[in-house]
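File shown: data_35.cif. Contents: mmCIF, C-alpha atoms.
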```cif
data_query
#
loop_
_atom_site.label_atom_id
_atom_site.label_comp_id
_atom_site.auth_asym_id
_atom_site.auth_seq_id
_atom_site.Cartn_x
_atom_site.Cartn_y
_atom_site.Cartn_z
CA MET A 229 -31.56 4.67 -1.95
CA ILE A 230 -28.22 3.64 -3.48
CA THR A 231 -26.38 6.19 -1.31
CA LEU A 232 -28.10 4.82 1.81
CA LEU A 233 -27.20 1.25 0.87
CA LEU A 234 -23.56 2.12 0.26
CA SER A 235 -23.41 3.96 3.58
CA LEU A 236 -24.84 0.95 5.42
CA LEU A 237 -22.36 -1.37 3.73
CA SER A 238 -19.49 0.91 4.72
CA VAL A 239 -20.63 0.99 8.36
CA CYS A 240 -21.04 -2.80 8.48
CA PHE A 241 -17.65 -3.29 6.85
CA ALA A 242 -15.95 -0.98 9.33
CA ALA A 243 -17.68 -2.66 12.28
CA ALA A 244 -16.51 -6.07 11.18
CA LEU A 245 -12.92 -4.86 11.08
CA ALA A 246 -13.05 -3.66 14.65
CA PHE A 247 -13.16 -7.16 16.14
CA PRO A 248 -9.79 -8.50 17.31
CA ALA A 249 -8.28 -11.31 15.31
CA ALA A 250 -5.42 -13.66 16.10
CA LEU A 251 -2.85 -14.69 13.53
CA GLN A 252 -4.47 -17.23 11.22
CA PRO A 253 -2.59 -20.01 9.40
CA ARG A 254 -3.06 -18.35 6.00
CA GLN A 255 -2.22 -14.88 7.29
CA SER A 256 1.44 -15.03 6.48
CA TRP A 257 3.14 -14.33 3.18
CA THR A 258 1.37 -13.03 0.10
CA PHE A 259 0.59 -16.07 -2.04
CA GLY A 260 -1.02 -15.84 -5.46
CA TYR A 261 -2.67 -12.81 -6.98
CA TRP A 262 -5.17 -11.98 -4.24
CA ALA A 263 -5.07 -10.50 -0.74
CA HIS A 264 -8.16 -9.83 1.39
CA GLU A 265 -6.50 -9.95 4.80
CA LEU A 266 -8.08 -6.78 6.14
CA THR A 267 -11.59 -8.02 5.46
CA GLU A 268 -10.73 -11.56 6.61
CA TYR A 269 -8.65 -10.89 9.73
CA GLY A 270 -9.49 -7.34 10.78
CA CYS A 271 -7.32 -4.71 12.43
CA LYS A 272 -3.60 -5.26 12.86
CA PRO A 273 -0.78 -2.85 13.77
CA ILE A 274 -0.01 -2.17 10.09
CA ILE A 275 -2.56 -2.11 7.26
CA PHE A 276 -1.21 -2.09 3.70
CA ILE A 277 -3.59 -1.13 0.87
CA TRP A 278 -2.40 -1.90 -2.67
CA ALA A 279 -3.72 -0.90 -6.12
CA LYS A 280 -2.40 -3.10 -8.96
CA ALA A 281 -1.39 -2.06 -12.47
CA THR A 282 -3.44 -2.34 -15.66
CA ILE A 283 -4.49 -5.90 -16.64
CA GLU A 284 -2.55 -7.48 -13.77
CA PRO A 285 -4.27 -10.57 -12.31
CA GLY A 286 -6.25 -10.65 -9.08
CA ASN A 287 -6.18 -7.62 -6.83
CA MET A 288 -2.44 -7.74 -6.10
CA GLY A 289 -0.98 -8.42 -9.52
CA ASN A 290 2.10 -10.52 -10.06
CA THR A 291 4.95 -8.00 -9.97
CA VAL A 292 5.45 -5.21 -7.41
CA GLY A 293 2.39 -5.75 -5.19
CA PRO A 294 3.07 -9.17 -3.64
CA ARG A 295 6.77 -8.38 -3.23
CA LEU A 296 6.14 -5.07 -1.48
CA SER A 297 3.62 -6.77 0.80
CA ASP A 298 6.15 -9.42 1.69
CA GLY A 299 8.84 -6.76 2.14
CA LEU A 300 6.76 -5.13 4.87
CA LYS A 301 6.03 -8.51 6.42
CA ALA A 302 9.72 -9.37 6.32
CA VAL A 303 10.57 -6.24 8.28
CA PHE A 304 7.70 -6.22 10.77
CA GLY A 305 6.65 -9.88 10.85
CA PRO A 306 3.57 -11.29 9.11
CA ALA A 307 1.58 -11.27 12.35
CA ASN A 308 1.68 -7.47 12.39
CA VAL A 309 0.72 -6.68 8.79
CA VAL A 310 -2.51 -7.19 6.89
CA THR A 311 -2.51 -6.65 3.13
CA GLN A 312 -5.58 -5.73 1.14
CA GLY A 313 -5.67 -5.35 -2.61
CA VAL A 314 -8.18 -3.05 -4.28
CA ASP A 315 -10.76 -5.08 -6.20
CA TYR A 316 -11.09 -3.27 -9.50
CA TRP A 317 -10.93 -4.21 -13.16
CA GLY A 318 -7.91 -2.36 -14.50
CA PHE A 319 -8.58 -2.42 -18.22
CA ILE A 320 -6.47 -0.51 -20.72
CA GLU A 321 -9.51 1.64 -21.53
CA THR A 322 -10.05 2.66 -17.89
CA ASN A 323 -6.79 4.64 -17.99
CA PHE A 324 -8.72 7.20 -20.05
CA TYR A 325 -11.23 8.07 -17.33
CA PRO A 326 -10.82 11.59 -15.92
CA GLY A 327 -7.98 11.41 -13.43
CA GLY A 328 -6.65 8.19 -14.95
CA ALA A 329 -8.73 5.66 -13.00
CA PRO A 330 -12.28 4.22 -13.02
CA PRO A 331 -14.76 5.60 -10.48
CA TRP A 332 -15.64 2.15 -9.09
CA GLY A 333 -11.98 1.49 -8.31
CA ILE A 334 -11.61 4.88 -6.65
CA TYR A 335 -14.68 4.17 -4.53
CA ASP A 336 -13.41 0.74 -3.50
CA MET A 337 -10.02 2.08 -2.43
CA GLN A 338 -11.70 4.88 -0.48
CA LEU A 339 -13.99 2.35 1.20
CA LEU A 340 -10.97 0.31 2.26
CA LEU A 341 -9.03 3.34 3.54
CA ASN A 342 -12.06 4.69 5.41
CA ALA A 343 -12.63 1.27 6.98
CA ALA A 344 -8.95 0.89 7.91
CA ALA A 345 -9.04 4.30 9.57
CA THR A 346 -11.64 2.98 12.04
CA CYS A 347 -9.00 0.63 13.50
CA PRO A 348 -7.95 2.65 16.56
CA ASN A 349 -4.39 1.36 16.89
CA SER A 350 -3.48 0.66 13.27
CA LYS A 351 -1.10 2.57 11.04
CA ILE A 352 -2.00 2.66 7.34
CA VAL A 353 0.31 2.67 4.34
CA ALA A 354 -0.76 2.55 0.70
CA ALA A 355 0.80 2.09 -2.71
CA GLY A 356 -0.09 1.68 -6.36
CA TYR A 357 1.48 0.88 -9.69
CA SER A 358 0.66 2.43 -13.08
CA GLN A 359 -3.14 2.74 -13.30
CA GLY A 360 -3.14 1.72 -9.65
CA ALA A 361 -0.98 4.77 -8.94
CA ALA A 362 -3.63 6.98 -10.55
CA LEU A 363 -6.25 5.18 -8.48
CA THR A 364 -4.21 5.97 -5.37
CA HIS A 365 -4.05 9.68 -6.28
CA ARG A 366 -7.77 9.98 -6.88
CA ALA A 367 -8.79 7.91 -3.85
CA ILE A 368 -6.59 9.70 -1.32
CA GLU A 369 -7.21 13.23 -2.51
CA GLY A 370 -10.96 12.78 -1.95
CA LEU A 371 -10.74 11.41 1.60
CA PRO A 372 -11.75 13.34 4.72
CA GLN A 373 -8.77 14.98 6.41
CA GLU A 374 -9.08 12.77 9.50
CA VAL A 375 -8.59 9.69 7.29
CA LYS A 376 -5.65 11.24 5.43
CA ASP A 377 -4.03 11.91 8.80
CA LYS A 378 -4.05 8.17 9.55
CA ILE A 379 -2.19 7.31 6.32
CA ILE A 380 1.44 7.25 7.37
CA ALA A 381 3.00 7.06 3.91
CA VAL A 382 2.27 6.35 0.25
CA VAL A 383 4.46 5.03 -2.58
CA THR A 384 3.61 4.98 -6.29
CA PHE A 385 5.43 3.28 -9.15
CA GLY A 386 5.26 4.18 -12.85
CA ASP A 387 2.80 6.86 -11.83
CA THR A 388 0.56 7.97 -14.71
CA GLN A 389 -0.48 11.09 -12.77
CA THR A 390 3.01 12.36 -11.87
CA TRP A 391 3.00 15.23 -14.35
CA GLN A 392 -0.70 16.04 -14.08
CA ASP A 393 -0.59 16.39 -10.29
CA GLY A 394 2.74 18.19 -10.07
CA GLY A 395 4.79 15.32 -8.68
CA ARG A 396 2.57 14.80 -5.67
CA ILE A 397 -0.83 13.53 -4.53
CA LYS A 398 -3.16 16.51 -4.36
CA ASP A 399 -4.14 17.64 -0.88
CA PHE A 400 -1.83 15.09 0.76
CA ASP A 401 1.44 15.67 2.61
CA LYS A 402 4.29 15.58 0.08
CA ASN A 403 6.68 14.56 2.85
CA ARG A 404 4.74 11.31 3.21
CA THR A 405 4.76 10.51 -0.50
CA LEU A 406 7.38 8.74 -2.62
CA ILE A 407 6.79 8.70 -6.40
CA ILE A 408 9.12 6.33 -8.26
CA CYS A 409 9.52 6.63 -12.03
CA ASN A 410 12.14 4.89 -14.13
CA VAL A 411 14.14 6.96 -16.58
CA GLY A 412 12.42 6.74 -19.95
CA ASP A 413 9.03 5.79 -18.52
CA VAL A 414 7.02 8.41 -20.34
CA VAL A 415 3.75 7.62 -18.56
CA CYS A 416 5.22 9.80 -15.82
CA THR A 417 5.35 12.76 -18.20
CA GLY A 418 1.68 12.98 -19.08
CA THR A 419 1.35 10.37 -21.85
CA LEU A 420 0.05 6.82 -21.95
CA TYR A 421 2.71 5.42 -24.26
CA VAL A 422 4.07 2.28 -22.62
CA PHE A 423 7.61 1.02 -23.22
CA PRO A 424 9.43 -1.96 -21.63
CA VAL A 425 10.93 0.24 -18.92
CA HIS A 426 7.40 0.63 -17.50
CA PHE A 427 7.46 -3.04 -16.50
CA ASP A 428 10.76 -2.78 -14.60
CA TYR A 429 9.76 -1.69 -11.09
CA VAL A 430 10.36 -4.81 -9.01
CA LYS A 431 13.93 -3.58 -8.51
CA TRP A 432 12.52 -0.68 -6.46
CA VAL A 433 10.76 -2.88 -3.89
CA PRO A 434 13.54 -2.68 -1.24
CA THR A 435 13.62 1.11 -1.57
CA ALA A 436 9.85 1.36 -1.20
CA THR A 437 9.82 -1.13 1.69
CA TYR A 438 12.40 0.77 3.71
CA TYR A 439 10.72 4.09 2.94
CA LEU A 440 7.38 2.86 4.29
CA ALA A 441 9.06 1.11 7.22
CA ALA A 442 10.97 4.24 8.23
CA LYS A 443 7.81 6.35 8.12
CA LEU A 444 5.96 3.76 10.20
CA MET A 445 8.68 3.64 12.83
CA ASP A 446 8.96 7.44 12.94
CA ASP A 447 5.24 7.59 13.65
CA ALA A 448 5.52 4.80 16.23
CA VAL A 449 8.00 6.92 18.19
CA LEU A 450 5.35 9.61 18.57
CA LYS A 451 2.35 7.26 18.82
CA PRO A 452 3.52 3.80 19.92
CA TRP A 453 1.42 0.72 19.42
CA PRO A 454 -0.28 -0.25 22.70
CA ASN A 455 1.30 -2.95 24.85
CA GLY A 456 0.33 -6.37 23.58
CA SER A 457 -0.64 -5.18 20.13
CA PHE A 458 2.68 -5.71 18.35
CA ILE A 459 4.23 -9.19 18.13
CA PHE A 460 7.98 -8.75 17.85
CA PRO A 461 9.45 -10.93 15.10
CA ASN A 462 12.68 -12.84 15.63
CA VAL A 463 14.54 -10.99 12.90
CA THR A 464 17.43 -8.59 12.56
CA ILE A 465 16.75 -5.44 10.56
CA PRO A 466 19.01 -2.46 9.80
CA THR A 467 18.94 0.13 12.59
CA PRO A 468 18.33 2.88 11.80
CA PHE A 469 16.49 2.24 8.57
CA PRO A 470 18.25 3.46 5.42
CA SER A 471 17.44 7.06 4.62
CA ILE A 472 15.33 7.37 1.48
CA ALA A 473 15.38 10.77 -0.15
CA SER A 474 12.70 11.71 -2.64
CA VAL A 475 13.29 9.86 -5.89
CA PRO A 476 13.32 12.38 -8.75
CA GLN A 477 11.16 11.61 -11.78
CA GLY A 478 13.31 9.64 -14.18
CA ALA A 479 15.70 8.29 -11.53
CA GLU A 480 18.38 6.23 -13.20
CA ASP A 481 20.09 4.55 -10.29
CA VAL A 482 18.35 2.36 -7.75
CA PRO A 483 19.73 3.18 -4.28
CA SER A 484 21.77 0.44 -2.64
CA MET A 485 19.65 -1.04 0.15
CA PRO A 486 20.50 -3.61 2.83
CA PRO A 487 18.93 -7.00 2.04
CA LEU A 488 15.46 -7.52 3.44
CA PRO A 489 15.09 -10.22 6.11
CA THR A 490 14.38 -13.64 4.64
CA PRO A 491 11.04 -15.33 5.37
CA GLN A 492 12.54 -18.42 7.01
CA ASP A 493 14.05 -16.20 9.71
CA LEU A 494 10.68 -14.92 10.84
CA GLU A 495 9.15 -16.61 13.85
CA PRO A 496 7.23 -14.51 16.39
CA VAL A 497 8.96 -14.35 19.75
CA GLY A 498 5.86 -13.29 21.66
CA ALA A 499 3.93 -10.11 22.24
CA MET A 500 4.63 -7.58 24.89
CA SER A 501 1.66 -9.06 26.73
CA GLY A 502 -0.89 -11.58 25.60
CA GLY A 503 -1.20 -13.36 22.27
CA LEU A 504 -3.76 -11.22 20.47
CA LEU A 505 -2.79 -8.22 18.43
CA PHE A 506 -5.74 -6.13 19.56
#
```
Do you think you could lay out the structure here as structure tokens?
Amino acid sequence: MITLLLSLLSVCFAAALAFPAALQPRQSWTFGYWAHELTEYGCKPIIFIWAKATIEPGNMGNTVGPRLSDGLKAVFGPANVVTQGVDYWGFIETNFYPGGAPPWGIYDMQLLLNAAATCPNSKIVAAGYSQGAALTHRAIEGLPQEVKDKIIAVVTFGDTQTWQDGGRIKDFDKNRTLIICNVGDVVCTGTLYVFPVHFDYVKWVPTATYYLAAKLMDDAVLKPWPNGSFIFPNVTIPTPFPSIASVPQGAEDVPSMPPLPTPQDLEPVGAMSGGLLF
């Protein structure tokens, strides 16, 4: 009975996302600790799924998550990106579940990724920090292959499953994965000892943003967004995007990245045809 109910909820959730949605007044930058844009506004060209760190507020947290969301929106324009945080309680104790994340959080992230994959013209990216990185590992490795194929790229920060999973997400393309670990952050070496360096990942947001953006644009060359689905922002971005090599575990130096576009520069200049994204 529970399985049937969850299946029905998943189908209803996915169906709701399929309806087209215009840019709403609040669908802009990531304010506060919460983001439910996928469930509120439906399919957009880019869907960003985020899993916060332990004991961070809301479903986005207050460090890397909102900034990475806004980094993607700065590059592609807020009309083209929906951000959805994973609703899970990231307690300290839930780090000790098998695989480093609680089963209800894994299920919720899988539900979101499965639902996002029903958007026919969307490209999905995902990321997670600390316990949220473990959640990302466990959620993605258990997805059907057809859903994994729709995830363009994944970034993790302070990844508690780096050592356990061999520096990758199991059963997912390593060439679409960037694992970022600060030097001295021993959670990346199979322990759960936390030192101040574990809270110093905001500096990596430009690197992660350009990595995800480059993967998205590479995919768009092969599978372009349909005419009228992408609203071109009035913004200048580096062309080509900076090349991001794999960051070795314990990376000491943050790569020098061009500055991200500033929010005040972003005003849509119109779609290729029509005003709706889908």
Set out as a tab-separated table a contact list for region 274-386 of chain A and region 420-435 of chain A with a cut-off of 8 Å, giving each residue of region 274-386 of chain A that qualifies its closest atom pair and distance in Å to one decimal, counting only C-alpha atoms, ordered by chain and rising residue number.
```
residue	atom	partner	partner_atom	distance
A:Thr291	CA	A:Val430	CA	6.4
A:Val292	CA	A:Val430	CA	5.2
A:Arg295	CA	A:Val433	CA	6.8
A:Leu296	CA	A:Val433	CA	5.7
A:Gly299	CA	A:Pro434	CA	7.1
A:Phe385	CA	A:Tyr429	CA	6.9
A:Gly386	CA	A:His426	CA	6.2
```
Selection result of the PyMOL selection byres ((chain A and resi 447) around 12) on this file, as an MDAnalysis selection string:
chainID A and resid 274 349:353 377:381 404 440:446 448:453
Separating CA of Gly270 (chain A) from CA of Gly305 (chain A), to the nearest tenth of an Å, is a gap of 16.3 Å
Could you please give me, as a short mmCIF file (atom, residue, chain, number, x, y, z; two decimals) with C-alpha atoms, in the coordinates of the input, the residues of protein, DNA or RNA lying at most 12 Å from (18.7, 4.8, 3.7) in the coordinate frame of the file, considering only C-alpha atoms?
```cif
data_model
loop_
_atom_site.label_atom_id
_atom_site.label_comp_id
_atom_site.auth_asym_id
_atom_site.auth_seq_id
_atom_site.Cartn_x
_atom_site.Cartn_y
_atom_site.Cartn_z
CA PRO A 434 13.54 -2.68 -1.24
CA THR A 435 13.62 1.11 -1.57
CA ALA A 436 9.85 1.36 -1.20
CA THR A 437 9.82 -1.13 1.69
CA TYR A 438 12.40 0.77 3.71
CA TYR A 439 10.72 4.09 2.94
CA LEU A 440 7.38 2.86 4.29
CA ALA A 441 9.06 1.11 7.22
CA ALA A 442 10.97 4.24 8.23
CA LYS A 443 7.81 6.35 8.12
CA PRO A 466 19.01 -2.46 9.80
CA THR A 467 18.94 0.13 12.59
CA PRO A 468 18.33 2.88 11.80
CA PHE A 469 16.49 2.24 8.57
CA PRO A 470 18.25 3.46 5.42
CA SER A 471 17.44 7.06 4.62
CA ILE A 472 15.33 7.37 1.48
CA ALA A 473 15.38 10.77 -0.15
CA SER A 474 12.70 11.71 -2.64
CA VAL A 482 18.35 2.36 -7.75
CA PRO A 483 19.73 3.18 -4.28
CA SER A 484 21.77 0.44 -2.64
CA MET A 485 19.65 -1.04 0.15
CA PRO A 486 20.50 -3.61 2.83
CA PRO A 487 18.93 -7.00 2.04
#
```
Find, counting all atoms listed in the file, the residue in A:Ala329, A:Val382, A:Ala263, A:Met337 that gets nearest to Ala362 (chain A).
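Ranking A:Ala329, A:Val382, A:Ala263, A:Met337 by distance to Ala362 (chain A), first place goes to A:Ala329.
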Counting only C-alpha atoms, which residues sit no farther than 8 Å from the position (-7.1, -2.9, 11.5) in the file's frame? I'd like them as number ranges by chain.
A: 245-246, 266, 270-275, 310, 344-350
Hits from the PyMOL selection byres ((chain A and resi 365) around 10), listed as a list in words
Gly327, Gly328, Ala329, Ile334, Ala355, Gly356, Gln359, Gly360, Ala361, Ala362, Leu363, Thr364, Arg366, Ala367, Ile368, Glu369, Gly370, Val382, Thr384, Asp387, Thr388, Gln389, Thr390, Asp393, Arg396, Ile397, Lys398, Asp399 and Phe400 of chain A
Between CA of Pro331 (chain A) and CA of Thr417 (chain A), distance in Å (one decimal):
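CA of Thr417 (chain A) lies at a distance of 22.7 Å from CA of Pro331 (chain A).
The space separating CA of Leu340 (chain A) from CA of Pro489 (chain A) comes to 28.4 Å.
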